[in-house]
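*Asks:* Supplied structure: protein.tsv, TSV, C-alpha atoms.
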```tsv
chain	number	residue	atom	x	y	z
A	1	MET	CA	-59.57	-1.34	-64.08
A	2	ALA	CA	-62.68	-1.99	-62.05
A	3	LEU	CA	-61.78	-2.60	-58.46
A	4	GLY	CA	-65.21	-3.00	-56.90
A	5	THR	CA	-64.24	-0.99	-53.81
A	6	ALA	CA	-64.61	2.55	-52.55
A	7	THR	CA	-62.89	3.82	-55.70
A	8	ASP	CA	-66.04	3.19	-57.79
A	9	ALA	CA	-66.34	6.69	-59.23
A	10	TYR	CA	-62.61	7.17	-59.79
A	11	GLU	CA	-60.38	4.33	-60.82
A	12	LEU	CA	-56.72	4.21	-59.98
A	13	ARG	CA	-54.66	6.13	-62.49
A	14	PHE	CA	-51.14	5.49	-63.69
A	15	ASP	CA	-50.59	8.42	-66.04
A	16	ALA	CA	-48.49	10.85	-64.00
A	17	GLY	CA	-45.26	9.69	-65.62
A	18	ARG	CA	-43.51	8.40	-62.48
A	19	ILE	CA	-44.46	5.77	-59.92
A	20	CYS	CA	-43.97	8.25	-57.09
A	21	LEU	CA	-46.31	10.77	-58.76
A	22	ASP	CA	-48.88	8.03	-59.39
A	23	LEU	CA	-48.80	7.30	-55.66
A	24	LEU	CA	-49.24	11.01	-54.91
A	25	ALA	CA	-52.30	11.06	-57.21
A	26	THR	CA	-54.11	8.53	-55.02
A	27	THR	CA	-55.35	11.37	-52.79
A	28	HIS	CA	-57.58	12.97	-55.44
A	29	PRO	CA	-60.49	13.54	-55.61
A	30	VAL	CA	-60.92	11.41	-52.49
A	31	GLU	CA	-58.69	8.99	-50.63
A	32	ARG	CA	-58.17	6.15	-53.09
A	33	LEU	CA	-55.94	3.97	-50.93
A	34	ASP	CA	-58.85	3.22	-48.65
A	35	SER	CA	-58.25	-0.51	-48.20
A	36	VAL	CA	-55.54	-3.13	-48.44
A	37	ALA	CA	-57.28	-4.54	-51.54
A	38	VAL	CA	-56.94	-1.20	-53.32
A	39	LEU	CA	-53.30	-0.93	-52.23
A	40	ARG	CA	-52.64	-4.38	-53.71
A	41	ALA	CA	-54.29	-3.25	-56.96
A	42	TRP	CA	-52.18	-0.08	-56.97
A	43	ILE	CA	-48.95	-2.04	-56.39
A	44	ALA	CA	-49.79	-4.41	-59.26
A	45	GLY	CA	-51.03	-1.63	-61.56
A	46	SER	CA	-47.99	0.55	-60.96
A	47	GLY	CA	-45.65	-2.16	-62.21
A	48	LEU	CA	-43.80	-2.48	-58.91
A	49	VAL	CA	-44.36	-6.23	-59.18
A	50	PRO	CA	-44.80	-8.46	-62.23
A	51	PRO	CA	-48.38	-9.35	-63.20
A	52	GLY	CA	-49.79	-12.17	-61.10
A	53	THR	CA	-47.46	-11.63	-58.15
A	54	PRO	CA	-49.26	-12.78	-55.01
A	55	LEU	CA	-49.72	-9.98	-52.50
A	56	ALA	CA	-51.98	-11.76	-49.99
A	57	HIS	CA	-49.44	-11.07	-47.24
A	58	ALA	CA	-49.99	-7.29	-47.55
A	59	ASP	CA	-51.89	-5.97	-44.55
A	60	THR	CA	-52.95	-2.70	-42.94
A	61	THR	CA	-49.37	-1.92	-41.89
A	62	TRP	CA	-48.55	-1.73	-45.60
A	63	LEU	CA	-51.43	0.69	-46.13
A	64	VAL	CA	-50.17	2.94	-43.34
A	65	ALA	CA	-46.59	2.80	-44.68
A	66	PHE	CA	-47.57	3.65	-48.27
A	67	ARG	CA	-49.76	6.53	-47.11
A	68	GLU	CA	-46.91	7.84	-44.97
A	69	LEU	CA	-44.52	7.72	-47.94
A	70	ARG	CA	-47.14	9.44	-50.09
A	71	GLY	CA	-47.30	12.27	-47.55
A	72	ARG	CA	-43.53	12.65	-47.64
A	73	ILE	CA	-43.58	12.76	-51.45
A	74	GLY	CA	-46.16	15.54	-51.29
A	75	GLN	CA	-43.84	17.54	-49.06
A	76	LEU	CA	-40.92	17.15	-51.45
A	77	VAL	CA	-42.38	17.42	-54.94
A	78	PRO	CA	-43.19	20.93	-56.17
A	79	GLY	CA	-46.95	21.31	-56.37
A	80	GLY	CA	-47.53	18.27	-54.14
A	81	SER	CA	-50.79	18.28	-52.25
A	82	ALA	CA	-49.69	16.99	-48.85
A	83	PRO	CA	-49.96	19.28	-45.82
A	84	LYS	CA	-46.80	21.29	-45.20
A	85	GLU	CA	-46.80	20.70	-41.44
A	86	ARG	CA	-43.49	18.87	-41.26
A	87	PRO	CA	-40.24	20.36	-42.49
A	88	TYR	CA	-38.85	19.47	-45.88
A	89	ASP	CA	-35.66	18.09	-44.31
A	90	LEU	CA	-37.56	15.48	-42.28
A	91	ALA	CA	-39.45	14.32	-45.36
A	92	LEU	CA	-36.22	14.08	-47.35
A	93	ALA	CA	-34.50	12.12	-44.57
A	94	ARG	CA	-37.39	9.64	-44.43
A	95	VAL	CA	-37.43	9.14	-48.21
A	96	ASN	CA	-33.66	8.61	-48.19
A	97	GLU	CA	-34.02	6.11	-45.36
A	98	LEU	CA	-36.72	4.16	-47.22
A	99	ALA	CA	-34.69	4.23	-50.46
A	100	ARG	CA	-31.92	2.20	-48.80
A	101	ALA	CA	-34.03	-0.99	-48.73
A	102	ALA	CA	-33.06	-3.62	-51.29
A	103	PRO	CA	-35.53	-3.89	-54.19
A	104	PRO	CA	-37.55	-7.06	-54.74
A	105	ALA	CA	-35.31	-9.65	-56.41
A	106	PRO	CA	-36.49	-10.48	-59.94
A	107	ARG	CA	-35.72	-13.62	-61.87
A	108	ALA	CA	-36.39	-14.85	-65.39
A	109	VAL	CA	-38.46	-18.02	-65.71
A	110	PRO	CA	-40.02	-19.76	-68.71
A	111	GLY	CA	-43.62	-18.67	-69.29
A	112	GLN	CA	-46.44	-20.84	-70.61
A	113	ASP	CA	-45.37	-20.24	-74.20
A	114	GLY	CA	-41.69	-20.90	-73.46
A	115	THR	CA	-40.56	-17.26	-73.56
A	116	LEU	CA	-38.85	-15.87	-70.50
A	117	VAL	CA	-41.00	-13.80	-68.15
A	118	ARG	CA	-40.12	-11.85	-65.05
A	119	GLU	CA	-41.25	-12.94	-61.62
A	120	LEU	CA	-40.02	-12.23	-58.12
A	121	ALA	CA	-37.83	-14.72	-56.30
A	122	GLY	CA	-40.26	-14.62	-53.38
A	123	PRO	CA	-43.12	-12.59	-51.98
A	124	PRO	CA	-42.10	-8.93	-51.93
A	125	ALA	CA	-41.58	-7.29	-48.57
A	126	CYS	CA	-43.28	-3.98	-47.87
A	127	ALA	CA	-39.89	-2.33	-47.23
A	128	ALA	CA	-38.64	-3.46	-50.64
A	129	LEU	CA	-41.64	-1.97	-52.45
A	130	LEU	CA	-41.48	1.25	-50.43
A	131	GLY	CA	-37.78	1.38	-51.27
A	132	ALA	CA	-38.53	1.16	-54.99
A	133	VAL	CA	-40.96	4.08	-54.77
A	134	ALA	CA	-38.58	6.07	-52.58
A	135	ARG	CA	-35.76	5.52	-55.10
A	136	ASP	CA	-38.09	6.87	-57.80
A	137	VAL	CA	-38.57	10.01	-55.67
A	138	VAL	CA	-34.79	10.36	-55.29
A	139	GLU	CA	-34.33	9.98	-59.06
A	140	LEU	CA	-37.00	12.61	-59.74
A	141	LEU	CA	-35.61	15.11	-57.24
A	142	THR	CA	-32.01	14.73	-58.39
A	143	ASP	CA	-32.64	14.77	-62.16
A	144	PRO	CA	-32.81	18.43	-63.24
A	145	VAL	CA	-34.51	17.58	-66.55
A	146	ALA	CA	-37.23	15.49	-64.91
A	147	ARG	CA	-37.67	17.98	-62.07
A	148	ALA	CA	-38.14	20.79	-64.60
A	149	ALA	CA	-40.88	18.76	-66.30
A	150	VAL	CA	-42.99	18.42	-63.13
A	151	ARG	CA	-46.30	20.24	-63.57
A	152	GLN	CA	-49.49	20.66	-61.61
A	153	CYS	CA	-52.76	20.13	-63.43
A	154	GLU	CA	-54.47	23.35	-64.53
A	155	GLY	CA	-57.91	21.81	-63.98
A	156	ASP	CA	-60.20	23.46	-61.46
A	157	SER	CA	-59.35	22.19	-57.97
A	158	CYS	CA	-57.13	19.41	-59.33
A	159	PRO	CA	-53.96	18.95	-57.27
A	160	ILE	CA	-52.50	16.15	-59.40
A	161	VAL	CA	-48.82	16.56	-60.24
A	162	TYR	CA	-47.43	14.90	-63.36
A	163	LEU	CA	-44.33	14.72	-65.50
A	164	ASP	CA	-44.83	16.66	-68.74
A	165	THR	CA	-43.13	14.67	-71.48
A	166	SER	CA	-45.31	16.06	-74.28
A	167	ARG	CA	-43.82	17.63	-77.39
A	168	GLY	CA	-43.10	21.26	-76.67
A	169	ARG	CA	-43.88	20.73	-72.97
A	170	ARG	CA	-47.42	22.07	-73.48
A	171	ARG	CA	-49.44	19.54	-71.48
A	172	ARG	CA	-51.91	21.41	-69.27
A	173	TRP	CA	-53.95	18.72	-67.57
A	174	CYS	CA	-53.30	15.55	-65.63
A	175	SER	CA	-55.56	13.83	-68.15
A	176	SER	CA	-57.08	15.13	-71.35
A	177	GLU	CA	-60.01	12.78	-70.79
A	178	VAL	CA	-60.68	13.95	-67.22
A	179	CYS	CA	-59.64	17.55	-66.49
A	180	GLY	CA	-59.13	18.49	-70.14
A	181	ASN	CA	-62.63	17.35	-71.01
A	182	ARG	CA	-64.09	19.23	-68.04
A	183	GLU	CA	-62.36	22.41	-69.23
A	184	ARG	CA	-63.65	21.96	-72.79
A	185	VAL	CA	-67.21	21.41	-71.52
A	186	ALA	CA	-66.98	24.47	-69.25
A	187	ARG	CA	-65.65	26.59	-72.14
A	188	HIS	CA	-68.51	25.39	-74.39
A	189	ARG	CA	-71.08	26.26	-71.70
A	190	ARG	CA	-69.59	29.74	-71.25
A	191	ARG	CA	-69.76	30.38	-75.01
A	192	ALA	CA	-73.33	29.04	-75.17
A	193	ALA	CA	-74.35	31.28	-72.28
A	194	LEU	CA	-72.84	34.32	-74.03
A	195	THR	CA	-74.71	33.60	-77.26
A	196	ARG	CA	-78.02	33.29	-75.38
A	197	ALA	CA	-77.47	36.58	-73.56
```
As structure tokens, what does this structure read like?

*Replies:*
Amino acid sequence: MALGTATDAYELRFDAGRICLDLLATTHPVERLDSVAVLRAWIAGSGLVPPGTPLAHADTTWLVAFRELRGRIGQLVPGGSAPKERPYDLALARVNELARAAPPAPRAVPGQDGTLVRELAGPPACAALLGAVARDVVELLTDPVARAAVRQCEGDSCPIVYLDTSRGRRRRWCSSEVCGNRERVARHRRRAALTRA
């Protein structure tokens, strides 16, 4: 997904296993939610809205609200990378408050080929989308199986938290292609250096 914005070197990723963890991952390696355009791309890419949903009404207040929720998620999720300045209870209260918002109302409509497709009954409100992410946080925190599968990437300096759904629960990296590949390259270089010595 090429966005053509400040996220040039690192595209948005949706591989953490939960929408709330994908939002948390937007802080690494740099701030990825650096514009309203990128936030719109994240909302669409995360599946919060059906493909093609207009989000032109999203503005900087949305950006501030999503970043604030992301910070709260980081305070609640084990291994989260948000600063621990505010107490856990305040973060939990805010997530619970946001989770009370009604979700965007979907409806089934005939698509171009006649099959039914999902679209929203109207433009989604920021509160509705924040509510959907907050409900995902609540589900994660209250599901003992999911909570036990939360892992932090073992890559050097990688704070990304993900849901390990691999067979045998042996996943070590946020992405085999990113951190896993870096680890393999580093291991190869160490072995090569030892053989030269």

*Asks:* For region 154-181 of chain A versus region 12-21 of chain A, which residues have an atom no more than 7 Å away, and what is each residue's nearest atom pair and distance in Å rounded to one decimal, using only C-alpha atoms, chain-then-number order, as a tab-separated table?

*Replies:*
```
residue	atom	partner	partner_atom	distance
A:Val161	CA	A:Leu21	CA	6.5
A:Tyr162	CA	A:Ala16	CA	4.2
A:Leu163	CA	A:Gly17	CA	5.1
A:Cys174	CA	A:Ala16	CA	6.9
```

*Asks:* Please list as a list in words every residue within 9 Å of Pro50 (chain A), counting only C-alpha atoms and excluding residues in the same chain fewer than 4 positions away.

*Replies:* Ala44, Pro106, Val117, Arg118, Glu119 and Leu120 of chain A

*Asks:* Leaving out Val36 (chain A) and any residue of its chain fewer than 3 positions from it, which residues lie within 12 Å of it when counting all atoms listed in the file, given as a list in words?

*Replies:* Leu3, Thr5, Ala6, Arg32, Leu33, Leu39, Arg40, Ala41, Trp42, Ile43, Leu55, Ala56, His57, Ala58, Asp59, Thr60, Thr61, Trp62, Leu63, Val64, Ala65, Phe66 and Arg67 of chain A

*Asks:* What separation in Å, quoted to one decimal, exists between CA of Asp156 (chain A) and CA of Thr195 (chain A)?

*Replies:*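 We find that CA of Asp156 (chain A) and CA of Thr195 (chain A) lie 23.7 Å from each other.
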
*Asks:* For the atom pair CA of Thr27 (chain A) and CA of Gln75 (chain A), what is the interatomic distance in Å to one decimal place?

*Replies:*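 The value is 13.6 Å.
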
*Asks:* So how many Å separate CA of Trp173 (chain A) and CA of Ala149 (chain A), to one decimal?

*Replies:*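 Answer for the CA of Trp173 (chain A) to CA of Ala149 (chain A) separation: 13.1 Å.
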
*Asks:* Can you pull out every residue within 9 Å of region 130-136 of chain A, counting only C-alpha atoms, but drop anything in the same chain fewer than 5 positions away, and send it as a PyMOL selection string?

*Replies:* chain A and resi 18-20+23+48+65-66+69+73+94-104+125+141

*Asks:* Got time to write the residues from that selection, C-alpha atoms, as a short mmCIF file (atom, residue, chain, number, x, y, z; two decimals), in the frame of the given file?

*Replies:*
```
data_model
loop_
_atom_site.label_atom_id
_atom_site.label_comp_id
_atom_site.auth_asym_id
_atom_site.auth_seq_id
_atom_site.Cartn_x
_atom_site.Cartn_y
_atom_site.Cartn_z
CA ARG A 18 -43.51 8.40 -62.48
CA ILE A 19 -44.46 5.77 -59.92
CA CYS A 20 -43.97 8.25 -57.09
CA LEU A 23 -48.80 7.30 -55.66
CA LEU A 48 -43.80 -2.48 -58.91
CA ALA A 65 -46.59 2.80 -44.68
CA PHE A 66 -47.57 3.65 -48.27
CA LEU A 69 -44.52 7.72 -47.94
CA ILE A 73 -43.58 12.76 -51.45
CA ARG A 94 -37.39 9.64 -44.43
CA VAL A 95 -37.43 9.14 -48.21
CA ASN A 96 -33.66 8.61 -48.19
CA GLU A 97 -34.02 6.11 -45.36
CA LEU A 98 -36.72 4.16 -47.22
CA ALA A 99 -34.69 4.23 -50.46
CA ARG A 100 -31.92 2.20 -48.80
CA ALA A 101 -34.03 -0.99 -48.73
CA ALA A 102 -33.06 -3.62 -51.29
CA PRO A 103 -35.53 -3.89 -54.19
CA PRO A 104 -37.55 -7.06 -54.74
CA ALA A 125 -41.58 -7.29 -48.57
CA LEU A 141 -35.61 15.11 -57.24
#
```

*Asks:* Restricting the calculation to all atoms listed in the file, which member of A:Ala25, A:Val49, A:Val30, A:Ala192 is positioned closest to Ala121 (chain A)?

*Replies:* A:Val49

*Asks:* Using only C-alpha atoms, which residue out of A:Ser166, A:Ala91, A:Pro144, A:Asp22 lies closest to Gly45 (chain A)?

*Replies:*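 Once distances to Gly45 (chain A) are computed over only C-alpha atoms, the minimum belongs to A:Asp22.
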
*Asks:* Determine, counting all atoms listed in the file, which protein, DNA and RNA residues have an atom within 8 Å of an atom of Cys158 (chain A); residues of the same chain fewer than 3 positions away are not included. Present the result as a list of chain:residue names.

*Replies:* A:His28, A:Pro29, A:Cys153, A:Glu154, A:Gly155, A:Cys179

*Asks:* Tell me which protein, DNA and RNA residues are within 9 Å of Leu76 (chain A), counting only C-alpha atoms, leaving out same-chain ones fewer than 5 positions away, and put them as a PyMOL selection string.

*Replies:* chain A and resi 71+88-89+91-92+137+141
